[in-house]
file structure-v6.pdb (PDB, C-alpha atoms (C1' of nucleotides) and all ligand atoms)
ATOM      1  CA  MET A 102     -13.813  -9.390  26.951
ATOM      2  CA  ASP A 103     -14.614  -5.888  28.206
ATOM      3  CA  PHE A 104     -13.992  -3.657  25.206
ATOM      4  CA  VAL A 105     -15.372  -0.533  26.875
ATOM      5  CA  HIS A 106     -12.742  -0.592  29.584
ATOM      6  CA  LEU A 107     -10.002  -1.599  27.210
ATOM      7  CA  LEU A 108     -10.746   1.537  25.190
ATOM      8  CA  ILE A 109     -11.035   3.767  28.248
ATOM      9  CA  SER A 110      -7.766   2.525  29.688
ATOM     10  CA  ASN A 111      -6.139   3.472  26.405
ATOM     11  CA  ASN A 112      -7.557   6.990  26.463
ATOM     12  CA  ILE A 113     -10.202   6.312  23.856
ATOM     13  CA  LYS A 114     -13.758   7.347  24.524
ATOM     14  CA  PRO A 115     -15.915   4.285  23.969
ATOM     15  CA  SER A 116     -18.435   5.371  21.381
ATOM     16  CA  LEU A 117     -20.656   2.754  19.810
ATOM     17  CA  GLN A 118     -18.658   2.833  16.572
ATOM     18  CA  ARG A 119     -15.346   2.447  18.362
ATOM     19  CA  ILE A 120     -16.576  -0.420  20.490
ATOM     20  CA  LYS A 121     -18.012  -2.286  17.526
ATOM     21  CA  ILE A 122     -14.959  -1.765  15.340
ATOM     22  CA  PHE A 123     -12.554  -2.928  18.016
ATOM     23  CA  GLU A 124     -14.810  -5.840  18.880
ATOM     24  CA  TYR A 125     -14.857  -6.912  15.240
ATOM     25  CA  LEU A 126     -11.090  -6.720  14.995
ATOM     26  CA  TYR A 127     -10.591  -8.625  18.200
ATOM     27  CA  ASP A 128     -13.071 -11.372  17.421
ATOM     28  CA  ASN A 129     -12.185 -11.849  13.765
ATOM     29  CA  ARG A 130      -8.582 -12.853  13.510
ATOM     30  CA  GLU A 131      -8.558 -12.787   9.724
ATOM     31  CA  HIS A 132      -6.718  -9.428   9.601
ATOM     32  CA  PRO A 133      -9.571  -7.670   7.826
ATOM     33  CA  THR A 134      -9.330  -4.678   5.526
ATOM     34  CA  VAL A 135     -11.253  -1.434   5.998
ATOM     35  CA  ASP A 136     -13.822  -2.641   3.493
ATOM     36  CA  THR A 137     -14.335  -5.934   5.252
ATOM     37  CA  ILE A 138     -14.808  -4.212   8.583
ATOM     38  CA  TYR A 139     -17.188  -1.681   7.090
ATOM     39  CA  SER A 140     -19.249  -4.273   5.225
ATOM     40  CA  ASN A 141     -19.628  -6.469   8.277
ATOM     41  CA  LEU A 142     -20.655  -3.657  10.604
ATOM     42  CA  VAL A 143     -22.907  -1.507   8.449
ATOM     43  CA  GLY A 144     -25.782  -3.913   9.048
ATOM     44  CA  ASP A 145     -25.433  -3.352  12.767
ATOM     45  CA  ILE A 146     -24.825   0.393  12.523
ATOM     46  CA  PRO A 147     -26.719   1.556   9.426
ATOM     47  CA  THR A 148     -25.368   5.107   9.642
ATOM     48  CA  LEU A 149     -21.753   3.920   9.721
ATOM     49  CA  SER A 150     -19.432   5.775   7.400
ATOM     50  CA  LYS A 151     -16.304   4.314   5.865
ATOM     51  CA  THR A 152     -14.512   7.473   6.919
ATOM     52  CA  THR A 153     -15.286   6.584  10.506
ATOM     53  CA  VAL A 154     -13.697   3.194  10.035
ATOM     54  CA  TYR A 155     -10.555   4.863   8.679
ATOM     55  CA  ASN A 156     -10.512   7.472  11.443
ATOM     56  CA  THR A 157     -11.139   4.942  14.159
ATOM     57  CA  LEU A 158      -8.443   2.549  13.031
ATOM     58  CA  LYS A 159      -5.983   5.430  12.883
ATOM     59  CA  LEU A 160      -6.987   6.357  16.431
ATOM     60  CA  PHE A 161      -6.472   2.766  17.562
ATOM     61  CA  ILE A 162      -3.058   2.657  15.945
ATOM     62  CA  ASP A 163      -2.002   5.988  17.463
ATOM     63  CA  ASN A 164      -3.029   4.700  20.874
ATOM     64  CA  GLY A 165      -1.263   1.399  20.476
ATOM     65  CA  ILE A 166      -4.130  -1.076  20.442
ATOM     66  CA  THR A 167      -4.081  -1.927  16.747
ATOM     67  CA  SER A 168      -1.410  -2.463  14.119
ATOM     68  CA  THR A 169      -1.340  -2.759  10.363
ATOM     69  CA  VAL A 170      -0.277  -5.849   8.478
ATOM     70  CA  THR A 171       1.324  -5.018   5.152
ATOM     71  CA  ILE A 172       1.972  -8.015   2.963
ATOM     72  CA  GLU A 173       0.547  -7.091  -0.407
ATOM     73  CA  ASP A 174       1.133  -3.737  -2.088
ATOM     74  CA  ASN A 175      -2.525  -3.117  -2.523
ATOM     75  CA  GLU A 176      -4.213  -4.204   0.667
ATOM     76  CA  VAL A 177      -3.815  -2.852   4.176
ATOM     77  CA  ARG A 178      -4.982  -5.199   6.849
ATOM     78  CA  TYR A 179      -5.550  -4.545  10.542
ATOM     79  CA  ASP A 180      -4.700  -6.574  13.618
ATOM     80  CA  ALA A 181      -5.785  -6.200  17.236
ATOM     81  CA  ILE A 182      -3.058  -8.527  18.493
ATOM     82  CA  MET A 183      -0.136  -6.389  19.592
ATOM     83  CA  GLU A 184       2.153  -9.150  20.841
ATOM     84  CA  GLU A 185       4.989  -9.795  18.450
ATOM     85  CA  HIS A 186       4.070 -12.476  15.962
ATOM     86  CA  GLY A 187       4.403 -13.354  12.316
ATOM     87  CA  HIS A 188       1.943 -13.961   9.513
ATOM     88  CA  PHE A 189       1.336 -16.487   6.814
ATOM     89  CA  LYS A 190      -0.570 -15.580   3.676
ATOM     90  CA  CYS A 191      -1.950 -18.285   1.421
ATOM     91  CA  ASP A 192      -1.425 -17.491  -2.264
ATOM     92  CA  ASN A 193      -4.484 -19.505  -3.100
ATOM     93  CA  CYS A 194      -7.279 -18.431  -0.765
ATOM     94  CA  GLY A 195      -5.686 -15.147   0.284
ATOM     95  CA  ASN A 196      -6.261 -15.754   3.983
ATOM     96  CA  VAL A 197      -3.740 -14.363   6.443
ATOM     97  CA  TYR A 198      -3.008 -16.465   9.507
ATOM     98  CA  ASP A 199      -1.043 -15.671  12.652
ATOM     99  CA  VAL A 200       2.102 -17.652  13.269
ATOM    100  CA  GLU A 201       4.202 -17.813  16.405
ATOM    101  CA  ILE A 202       7.787 -17.198  15.483
ATOM    102  CA  ASP A 203      10.748 -17.025  17.820
ATOM    103  CA  ILE A 204      12.499 -13.960  16.457
ATOM    104  CA  SER A 205      15.243 -14.213  19.033
ATOM    105  CA  ALA A 206      16.719 -16.930  16.823
ATOM    106  CA  LEU A 207      17.326 -14.417  14.046
ATOM    107  CA  LYS A 208      20.896 -13.411  13.430
ATOM    108  CA  PHE A 209      22.005 -10.993  10.787
ATOM    109  CA  LYS A 210      25.313  -9.637   9.667
ATOM    110  CA  GLU A 211      24.688  -5.914   9.802
ATOM    111  CA  ILE A 212      23.463  -6.017  13.376
ATOM    112  CA  LYS A 213      26.054  -3.435  14.415
ATOM    113  CA  SER A 214      24.976  -0.904  11.816
ATOM    114  CA  PHE A 215      21.374  -0.564  12.891
ATOM    115  CA  LYS A 216      19.379  -0.110  16.028
ATOM    116  CA  VAL A 217      16.511  -2.502  15.400
ATOM    117  CA  GLU A 218      13.245  -1.603  17.080
ATOM    118  CA  LYS A 219      10.860  -3.935  15.340
ATOM    119  CA  THR A 220      11.196  -7.193  13.434
ATOM    120  CA  ASN A 221       8.539  -8.153  10.906
ATOM    121  CA  ILE A 222       8.182 -11.568   9.409
ATOM    122  CA  TYR A 223       5.661 -12.897   6.978
ATOM    123  CA  LEU A 224       5.528 -16.144   5.081
ATOM    124  CA  LYS A 225       3.836 -16.969   1.843
ATOM    125  CA  GLY A 226       2.742 -20.259   0.374
ATOM    126  CA  LYS A 227      -0.266 -22.576   0.492
ATOM    127  CA  CYS A 228      -2.396 -23.372   3.484
ATOM    128  CA  ASN A 229      -3.311 -26.977   4.173
ATOM    129  CA  LYS A 230      -6.968 -26.422   3.365
ATOM    130  CA  CYS A 231      -6.034 -25.306  -0.137
ATOM    131  CA  LEU A 232      -3.448 -28.047  -0.585
ATOM    132  CA  ASN A 233      -6.060 -30.676   0.237
ATOM    133  CA  LYS A 234      -8.588 -29.155  -2.130
ATOM    134  CA  ILE A 235      -6.141 -28.934  -5.020
ATOM    135  CA  ASN A 236      -4.990 -32.567  -4.696
TER
ATOM    136  CA  MET B1295      27.959  -5.797 -15.885
ATOM    137  CA  ASP B1296      26.401  -6.680 -19.223
ATOM    138  CA  PHE B1297      22.795  -5.651 -18.878
ATOM    139  CA  VAL B1298      21.949  -6.290 -22.523
ATOM    140  CA  HIS B1299      22.747  -9.965 -22.261
ATOM    141  CA  LEU B1300      21.154 -10.274 -18.869
ATOM    142  CA  LEU B1301      17.901  -9.029 -20.377
ATOM    143  CA  ILE B1302      18.210 -11.203 -23.477
ATOM    144  CA  SER B1303      18.903 -14.320 -21.444
ATOM    145  CA  ASN B1304      15.695 -13.600 -19.543
ATOM    146  CA  ASN B1305      13.621 -13.268 -22.717
ATOM    147  CA  ILE B1306      13.431  -9.495 -22.570
ATOM    148  CA  LYS B1307      14.272  -7.468 -25.658
ATOM    149  CA  PRO B1308      16.880  -4.940 -24.617
ATOM    150  CA  SER B1309      15.357  -1.609 -25.569
ATOM    151  CA  LEU B1310      17.065   1.554 -24.403
ATOM    152  CA  GLN B1311      14.432   2.145 -21.736
ATOM    153  CA  ARG B1312      14.674  -1.391 -20.407
ATOM    154  CA  ILE B1313      18.439  -1.296 -20.261
ATOM    155  CA  LYS B1314      18.509   2.022 -18.453
ATOM    156  CA  ILE B1315      15.814   1.063 -15.973
ATOM    157  CA  PHE B1316      17.469  -2.206 -15.086
ATOM    158  CA  GLU B1317      20.863  -0.544 -14.909
ATOM    159  CA  TYR B1318      19.487   2.040 -12.503
ATOM    160  CA  LEU B1319      17.951  -0.624 -10.309
ATOM    161  CA  TYR B1320      21.099  -2.700 -10.300
ATOM    162  CA  ASP B1321      23.458   0.168  -9.578
ATOM    163  CA  ASN B1322      21.322   1.941  -7.000
ATOM    164  CA  ARG B1323      20.701  -0.376  -4.114
ATOM    165  CA  GLU B1324      18.403   2.054  -2.335
ATOM    166  CA  HIS B1325      15.263   0.117  -3.415
ATOM    167  CA  PRO B1326      13.862   3.034  -5.377
ATOM    168  CA  THR B1327      10.222   3.758  -6.087
ATOM    169  CA  VAL B1328       8.768   4.260  -9.551
ATOM    170  CA  ASP B1329       8.985   8.005  -9.074
ATOM    171  CA  THR B1330      12.616   7.904  -8.062
ATOM    172  CA  ILE B1331      13.502   5.778 -11.059
ATOM    173  CA  TYR B1332      11.549   8.014 -13.400
ATOM    174  CA  SER B1333      12.993  11.244 -11.999
ATOM    175  CA  ASN B1334      16.547   9.981 -12.243
ATOM    176  CA  LEU B1335      16.220   8.711 -15.805
ATOM    177  CA  VAL B1336      14.099  11.344 -17.502
ATOM    178  CA  GLY B1337      17.154  13.569 -17.907
ATOM    179  CA  ASP B1338      18.873  10.797 -19.831
ATOM    180  CA  ILE B1339      15.779   9.792 -21.801
ATOM    181  CA  PRO B1340      13.694  12.958 -22.204
ATOM    182  CA  THR B1341      10.806  11.117 -23.850
ATOM    183  CA  LEU B1342      10.514   8.625 -21.002
ATOM    184  CA  SER B1343       7.009   8.032 -19.731
ATOM    185  CA  LYS B1344       6.130   6.986 -16.218
ATOM    186  CA  THR B1345       3.863   4.367 -17.751
ATOM    187  CA  THR B1346       6.923   2.804 -19.339
ATOM    188  CA  VAL B1347       8.599   2.588 -15.957
ATOM    189  CA  TYR B1348       5.537   0.818 -14.572
ATOM    190  CA  ASN B1349       5.267  -1.493 -17.574
ATOM    191  CA  THR B1350       8.949  -2.303 -17.583
ATOM    192  CA  LEU B1351       9.122  -3.113 -13.894
ATOM    193  CA  LYS B1352       6.117  -5.387 -14.279
ATOM    194  CA  LEU B1353       7.893  -7.103 -17.163
ATOM    195  CA  PHE B1354      11.019  -7.539 -15.046
ATOM    196  CA  ILE B1355       9.009  -9.008 -12.199
ATOM    197  CA  ASP B1356       7.132 -11.408 -14.509
ATOM    198  CA  ASN B1357      10.456 -12.580 -15.897
ATOM    199  CA  GLY B1358      12.039 -13.006 -12.497
ATOM    200  CA  ILE B1359      14.773 -10.383 -12.533
ATOM    201  CA  THR B1360      13.170  -7.880 -10.182
ATOM    202  CA  SER B1361      11.099  -8.061  -7.012
ATOM    203  CA  THR B1362       9.065  -5.634  -4.975
ATOM    204  CA  VAL B1363       9.833  -4.621  -1.429
ATOM    205  CA  THR B1364       6.713  -3.802   0.561
ATOM    206  CA  ILE B1365       7.396  -2.285   3.941
ATOM    207  CA  GLU B1366       5.202   0.777   4.107
ATOM    208  CA  ASP B1367       1.535   0.792   3.085
ATOM    209  CA  ASN B1368       2.033   3.640   0.709
ATOM    210  CA  GLU B1369       5.281   3.024  -1.099
ATOM    211  CA  VAL B1370       6.251   0.195  -3.404
ATOM    212  CA  ARG B1371       9.960  -0.221  -3.841
ATOM    213  CA  TYR B1372      11.872  -2.307  -6.369
ATOM    214  CA  ASP B1373      14.896  -4.525  -6.015
ATOM    215  CA  ALA B1374      17.165  -6.130  -8.617
ATOM    216  CA  ILE B1375      18.680  -8.512  -6.099
ATOM    217  CA  MET B1376      16.818 -11.791  -6.313
ATOM    218  CA  GLU B1377      18.815 -13.767  -3.768
ATOM    219  CA  GLU B1378      16.926 -14.202  -0.522
ATOM    220  CA  HIS B1379      17.717 -11.386   1.874
ATOM    221  CA  GLY B1380      16.073  -9.113   4.385
ATOM    222  CA  HIS B1381      15.668  -5.370   4.675
ATOM    223  CA  PHE B1382      16.123  -2.690   7.244
ATOM    224  CA  LYS B1383      14.221   0.571   7.034
ATOM    225  CA  CYS B1384      15.329   3.568   9.063
ATOM    226  CA  ASP B1385      12.374   5.428  10.620
ATOM    227  CA  ASN B1386      14.359   8.610  10.541
ATOM    228  CA  CYS B1387      15.881   8.946   7.065
ATOM    229  CA  GLY B1388      13.581   6.460   5.373
ATOM    230  CA  ASN B1389      16.416   4.605   3.662
ATOM    231  CA  VAL B1390      16.020   0.894   3.067
ATOM    232  CA  TYR B1391      19.141  -1.238   3.395
ATOM    233  CA  ASP B1392      19.784  -4.866   2.544
ATOM    234  CA  VAL B1393      20.545  -7.224   5.384
ATOM    235  CA  GLU B1394      21.836 -10.766   5.227
ATOM    236  CA  ILE B1395      19.642 -12.943   7.380
ATOM    237  CA  ASP B1396      19.888 -16.665   7.882
ATOM    238  CA  ILE B1397      16.267 -17.641   7.555
ATOM    239  CA  SER B1398      17.047 -21.295   8.123
ATOM    240  CA  ALA B1399      17.276 -20.420  11.826
ATOM    241  CA  LEU B1400      13.598 -19.534  11.889
ATOM    242  CA  LYS B1401      11.315 -21.947  13.654
ATOM    243  CA  PHE B1402       7.598 -21.488  14.009
ATOM    244  CA  LYS B1403       4.839 -23.472  15.621
ATOM    245  CA  GLU B1404       2.388 -23.823  12.766
ATOM    246  CA  ILE B1405       4.978 -25.250  10.377
ATOM    247  CA  LYS B1406       2.801 -28.333   9.781
ATOM    248  CA  SER B1407      -0.241 -26.312   8.727
ATOM    249  CA  PHE B1408       1.345 -24.438   5.847
ATOM    250  CA  LYS B1409       3.521 -25.094   2.851
ATOM    251  CA  VAL B1410       5.862 -22.116   3.017
ATOM    252  CA  GLU B1411       7.277 -20.979  -0.298
ATOM    253  CA  LYS B1412       8.766 -17.646   0.639
ATOM    254  CA  THR B1413       9.928 -16.027   3.847
ATOM    255  CA  ASN B1414      10.026 -12.260   4.124
ATOM    256  CA  ILE B1415      11.781 -10.356   6.842
ATOM    257  CA  TYR B1416      12.141  -6.674   7.394
ATOM    258  CA  LEU B1417      13.454  -4.724  10.331
ATOM    259  CA  LYS B1418      12.696  -1.211  11.403
ATOM    260  CA  GLY B1419      14.596   1.164  13.629
ATOM    261  CA  LYS B1420      17.342   3.760  13.317
ATOM    262  CA  CYS B1421      20.425   3.535  11.141
ATOM    263  CA  ASN B1422      23.802   4.447  12.604
ATOM    264  CA  LYS B1423      24.102   7.560  10.487
ATOM    265  CA  CYS B1424      20.900   8.923  11.979
ATOM    266  CA  LEU B1425      21.794   7.828  15.500
ATOM    267  CA  ASN B1426      25.075   9.732  15.267
ATOM    268  CA  LYS B1427      23.391  12.833  13.916
ATOM    269  CA  ILE B1428      20.691  12.854  16.600
ATOM    270  CA  ASN B1429      23.197  12.483  19.456
TER
ATOM    271  C1'  DA C 442     -33.587  20.159  32.553
ATOM    272  C1'  DT C 443     -31.356  23.589  29.399
ATOM    273  C1'  DC C 444     -27.862  25.863  27.179
ATOM    274  C1'  DT C 445     -23.220  25.896  25.252
ATOM    275  C1'  DA C 446     -18.974  24.119  23.891
ATOM    276  C1'  DA C 447     -16.356  20.211  22.601
ATOM    277  C1'  DT C 448     -16.132  15.893  20.410
ATOM    278  C1'  DT C 449     -17.475  12.540  17.153
ATOM    279  C1'  DT C 450     -19.542  11.046  13.061
ATOM    280  C1'  DT C 451     -20.790  11.600   8.494
ATOM    281  C1'  DG C 452     -20.847  12.577   3.341
ATOM    282  C1'  DT C 453     -18.595  14.684  -0.326
ATOM    283  C1'  DA C 454     -14.796  16.275  -2.726
ATOM    284  C1'  DA C 455      -9.875  16.143  -3.488
ATOM    285  C1'  DT C 456      -5.687  13.614  -3.921
ATOM    286  C1'  DC C 457      -2.442  10.334  -5.422
ATOM    287  C1'  DG C 458      -0.505   6.058  -7.102
ATOM    288  C1'  DT C 459      -1.559   2.791 -10.439
ATOM    289  C1'  DT C 460      -3.758   0.743 -14.516
ATOM    290  C1'  DA C 461      -6.369   0.738 -18.998
ATOM    291  C1'  DC C 462      -6.314   1.982 -23.415
ATOM    292  C1'  DA C 463      -5.617   3.857 -27.888
ATOM    293  C1'  DA C 464      -2.405   6.452 -30.691
ATOM    294  C1'  DT C 465       2.260   7.017 -32.029
ATOM    295  C1'  DT C 466       6.825   5.533 -32.665
ATOM    296  C1'  DT C 467      10.228   2.125 -33.251
ATOM    297  C1'  DT C 468      11.842  -2.323 -34.679
ATOM    298  C1'  DA C 469      11.782  -6.606 -37.252
ATOM    299  C1'  DT C 470      10.676  -9.146 -41.409
ATOM    300  C1'  DA C 471       9.747  -9.912 -46.127
TER
ATOM    301  C1'  DT D 969      10.792  -0.182 -49.248
ATOM    302  C1'  DA D 970       6.499  -1.860 -47.537
ATOM    303  C1'  DT D 971       4.105  -4.258 -43.903
ATOM    304  C1'  DA D 972       3.401  -6.259 -39.559
ATOM    305  C1'  DA D 973       4.654  -6.689 -34.788
ATOM    306  C1'  DA D 974       6.313  -4.787 -30.643
ATOM    307  C1'  DA D 975       7.361  -1.055 -27.589
ATOM    308  C1'  DT D 976       6.568   3.487 -25.936
ATOM    309  C1'  DT D 977       3.857   7.256 -24.865
ATOM    310  C1'  DG D 978       0.073  10.425 -23.070
ATOM    311  C1'  DT D 979      -4.370  10.712 -21.389
ATOM    312  C1'  DA D 980      -8.199   9.077 -19.082
ATOM    313  C1'  DA D 981     -10.124   6.016 -15.682
ATOM    314  C1'  DC D 982      -9.906   3.843 -11.396
ATOM    315  C1'  DG D 983      -9.731   2.859  -6.459
ATOM    316  C1'  DA D 984      -8.000   3.515  -1.935
ATOM    317  C1'  DT D 985      -7.123   7.016   1.210
ATOM    318  C1'  DT D 986      -7.365  11.688   3.094
ATOM    319  C1'  DA D 987      -9.136  16.486   3.728
ATOM    320  C1'  DC D 988     -12.660  19.082   5.049
ATOM    321  C1'  DA D 989     -16.857  21.100   6.556
ATOM    322  C1'  DA D 990     -21.563  20.153   8.082
ATOM    323  C1'  DA D 991     -24.478  17.518  11.125
ATOM    324  C1'  DA D 992     -25.150  14.841  15.124
ATOM    325  C1'  DT D 993     -23.929  13.460  19.580
ATOM    326  C1'  DT D 994     -21.957  13.982  24.106
ATOM    327  C1'  DA D 995     -20.198  16.381  28.243
ATOM    328  C1'  DG D 996     -20.095  20.170  31.385
ATOM    329  C1'  DA D 997     -21.927  24.345  33.426
ATOM    330  C1'  DT D 998     -25.751  26.800  35.032
TER
HETATM  331 MN    MN A1501      -1.784 -11.124  13.350
HETATM  332 MN    MN A1502      17.100  -5.648  -1.217
HETATM  333 ZN    ZN A1503      -5.429 -21.254   1.340
HETATM  334 ZN    ZN A1504      18.603   6.764   8.997
END
call {"tool": "encode", "arguments": {"input": "structure-v6.pdb", "output": "structure tokens"}}
result
Amino acid sequence: MDFVHLLISNNIKPSLQRIKIFEYLYDNREHPTVDTIYSNLVGDIPTLSKTTVYNTLKLFIDNGITSTVTIEDNEVRYDAIMEEHGHFKCDNCGNVYDVEIDISALKFKEIKSFKVEKTNIYLKGKCNKCLNKIN
Amino acid sequence: MDFVHLLISNNIKPSLQRIKIFEYLYDNREHPTVDTIYSNLVGDIPTLSKTTVYNTLKLFIDNGITSTVTIEDNEVRYDAIMEEHGHFKCDNCGNVYDVEIDISALKFKEIKSFKVEKTNIYLKGKCNKCLNKIN
DNA sequence: ATCTAATTTTGTAATCGTTACAATTTTATA
DNA sequence: TATAAAATTGTAACGATTACAAAATTAGAT
């Protein structure tokens, strides 16, 4: 995966920080928080500032190569996958997984009252790993 | 609507503050924030504290008569409707509306990997009021 | 290669929503 | 009425995010 050219083709100058942050997001599909990203990169880039992580993610979002995943009130997660998809969060381990959902199947009553531009779906429950551990 | 008995039957002592806060939430289907609730009630109850609004909503949630609606990273909204339903948020006016969605129609690939306990759906776009104003 | 301007990164301080906590007030019980 | 329990309140603490200005890096012109 050529992150440098992905950034360039989205009008983002490929600084070291930007490359590493996008690379992390793309390779780690756990929907990490700012803190997770920072903690995992600061070893690589010792001068890294958390502000840069915030700034960079905002830049990515503004340029359409990253989105936020809001499930819990108190944690903002980030996602490099821009294709429409849903999420599943396990109550037990807290992990957030991608799920493929066919949103075209969704019908709702008030469809005539709104111009819908985006449909968000997230599920909550227990992942199989946790279910097996508990039992 | 008899809010006093609704609270009692859910093991919540019906203090003035609790009654008023639940009444507000039940009557105003806008999915208000803590600040909105506080601002609209402090005229009625001049001694009201924002902490009480926080505490009371937490109590309601713990006792299953209120839920949170998380759409935006930075605003927590509250809902007295506990039946499963979806939401629509207008980008333009910011209002959040209820929508009836048949979630049984939803199919997703990873259904065998997770035990799903709750399905959340929210839509974003423009409401008709805003569309008419803009055009 | 060198100078200069523009961009990016960084660290610190400010902000804001929420929570912790202790004091006060209200309510229930004897 | 006296006492204990519960609820409310105000203030302080907290943590995530943002604002901002200084420092460092990069790009462009000479
Ligand atoms: Mn995802
Ligand atoms: Mn609702
Ligand atoms: Zn799990
Ligand atoms: Zn609108």
call {"tool": "residues_near_ligand", "arguments": {"input": "structure-v6.pdb", "ligand": "ligand MN 1502 (chain A)", "cutoff": "6 Å", "atoms": "only C-alpha atoms (C1' of nucleotides) and all ligand atoms", "output": "list of chain:residue names"}}
result
B:Asp1373, B:Ile1375, B:Asp1392
call {"tool": "residues_near_ligand", "arguments": {"input": "structure-v6.pdb", "ligand": "ligand MN 1501 (chain A)", "cutoff": "10 Å", "atoms": "all atoms listed in the file", "output": "list in words"}}
result
Arg130, Glu131, His132, Ser168, Thr169, Val170, Arg178, Tyr179, Asp180, Ala181, Ile182, Met183, Glu184, Glu185, His186, Gly187, His188, Phe189, Val197, Tyr198, Asp199, Val200, Glu201 and Tyr223 of chain A
call {"tool": "resolve_selection", "arguments": {"input": "structure-v6.pdb", "expression": "the PyMOL selection byres ((chain D) within 12 of (chain A and not hetatm))", "output": "list in words"}}
result
DG983, DA984, DT985, DT986, DA987, DC988, DA992, DT993, DT994 and DA995 of chain D
call {"tool": "resolve_selection", "arguments": {"input": "structure-v6.pdb", "expression": "the PyMOL selection byres (((chain D and resi 975) around 9) and not hetatm)", "output": "MDAnalysis selection string"}}
result
(chainID B and resid 1309) or (chainID C and resid 466:468) or (chainID D and resid 974 976)
call {"tool": "atom_distance", "arguments": {"input": "structure-v6.pdb", "atom1": "CA of Ile1331 (chain B)", "atom2": "CA of Cys1424 (chain B)"}}
result
24.4 Å
call {"tool": "interface_residues", "arguments": {"input": "structure-v6.pdb", "of": "chain A", "to": "chain C", "cutoff": "8 Å", "atoms": "all atoms listed in the file", "output": "list in words"}}
result
Leu149, Ser150, Thr152 and Thr153 of chain A
call {"tool": "atom_distance", "arguments": {"input": "structure-v6.pdb", "atom1": "CA of Phe1408 (chain B)", "atom2": "CA of Leu126 (chain A)"}}
result
23.5 Å
call {"tool": "residues_near_ligand", "arguments": {"input": "structure-v6.pdb", "ligand": "ligand ZN 1504 (chain A)", "cutoff": "12 Å", "atoms": "only C-alpha atoms (C1' of nucleotides) and all ligand atoms", "output": "VMD selection string"}}
result
(chain A and resid 214 to 217) or (chain B and resid 1382 to 1391 1418 to 1428)
call {"tool": "write_last_selection", "arguments": {"input": "structure-v6.pdb", "atoms": "C-alpha atoms", "output": "PDB file, in the coordinates of the input"}}
result
ATOM      1  CA  SER A 214      24.976  -0.904  11.816  1.00  0.00           C
ATOM      2  CA  PHE A 215      21.374  -0.564  12.891  1.00  0.00           C
ATOM      3  CA  LYS A 216      19.379  -0.110  16.028  1.00  0.00           C
ATOM      4  CA  VAL A 217      16.511  -2.502  15.400  1.00  0.00           C
TER       5      VAL A 217
ATOM      6  CA  PHE B1382      16.123  -2.690   7.244  1.00  0.00           C
ATOM      7  CA  LYS B1383      14.221   0.571   7.034  1.00  0.00           C
ATOM      8  CA  CYS B1384      15.329   3.568   9.063  1.00  0.00           C
ATOM      9  CA  ASP B1385      12.374   5.428  10.620  1.00  0.00           C
ATOM     10  CA  ASN B1386      14.359   8.610  10.541  1.00  0.00           C
ATOM     11  CA  CYS B1387      15.881   8.946   7.065  1.00  0.00           C
ATOM     12  CA  GLY B1388      13.581   6.460   5.373  1.00  0.00           C
ATOM     13  CA  ASN B1389      16.416   4.605   3.662  1.00  0.00           C
ATOM     14  CA  VAL B1390      16.020   0.894   3.067  1.00  0.00           C
ATOM     15  CA  TYR B1391      19.141  -1.238   3.395  1.00  0.00           C
ATOM     16  CA  LYS B1418      12.696  -1.211  11.403  1.00  0.00           C
ATOM     17  CA  GLY B1419      14.596   1.164  13.629  1.00  0.00           C
ATOM     18  CA  LYS B1420      17.342   3.760  13.317  1.00  0.00           C
ATOM     19  CA  CYS B1421      20.425   3.535  11.141  1.00  0.00           C
ATOM     20  CA  ASN B1422      23.802   4.447  12.604  1.00  0.00           C
ATOM     21  CA  LYS B1423      24.102   7.560  10.487  1.00  0.00           C
ATOM     22  CA  CYS B1424      20.900   8.923  11.979  1.00  0.00           C
ATOM     23  CA  LEU B1425      21.794   7.828  15.500  1.00  0.00           C
ATOM     24  CA  ASN B1426      25.075   9.732  15.267  1.00  0.00           C
ATOM     25  CA  LYS B1427      23.391  12.833  13.916  1.00  0.00           C
ATOM     26  CA  ILE B1428      20.691  12.854  16.600  1.00  0.00           C
TER      27      ILE B1428
END
call {"tool": "axis_aligned_box", "arguments": {"input": "structure-v6.pdb", "around": "region 444-462 of chain C", "padding_each_side": "3 Å", "output": "lines of an AutoDock Vina configuration file"}}
result
center_x = -14.2
center_y = 13.3
center_z = 1.9
size_x = 33.4
size_y = 31.2
size_z = 56.6
call {"tool": "closest_residue", "arguments": {"input": "structure-v6.pdb", "among": "B:Asn1357, B:Ser1303, B:Thr1330, B:Asn1414", "to": "chain A", "atoms": "all atoms listed in the file"}}
result
B:Asn1414
call {"tool": "atom_distance", "arguments": {"input": "structure-v6.pdb", "atom1": "CA of Leu224 (chain A)", "atom2": "CA of Thr1364 (chain B)"}}
result
13.2 Å
call {"tool": "resolve_selection", "arguments": {"input": "structure-v6.pdb", "expression": "the PyMOL selection byres (((chain B and resi 1316) around 10) and not hetatm)", "output": "list of chain:residue names"}}
result
B:Phe1297, B:Val1298, B:Leu1300, B:Leu1301, B:Pro1308, B:Gln1311, B:Arg1312, B:Ile1313, B:Lys1314, B:Ile1315, B:Glu1317, B:Tyr1318, B:Leu1319, B:Tyr1320, B:Asp1321, B:Asn1322, B:Ile1331, B:Thr1350, B:Leu1351, B:Phe1354, B:Ile1359, B:Thr1360, B:Asp1373, B:Ala1374
call {"tool": "closest_residue", "arguments": {"input": "structure-v6.pdb", "among": "B:Lys1403, B:His1299, B:Lys1307, B:Lys1352", "to": "chain A", "atoms": "all atoms listed in the file"}}
result
B:Lys1403
call {"tool": "closest_residue", "arguments": {"input": "structure-v6.pdb", "among": "B:Leu1310, B:Ile1405, B:Val1336, B:Ile1395", "to": "chain A", "atoms": "only C-alpha atoms"}}
result
B:Ile1395
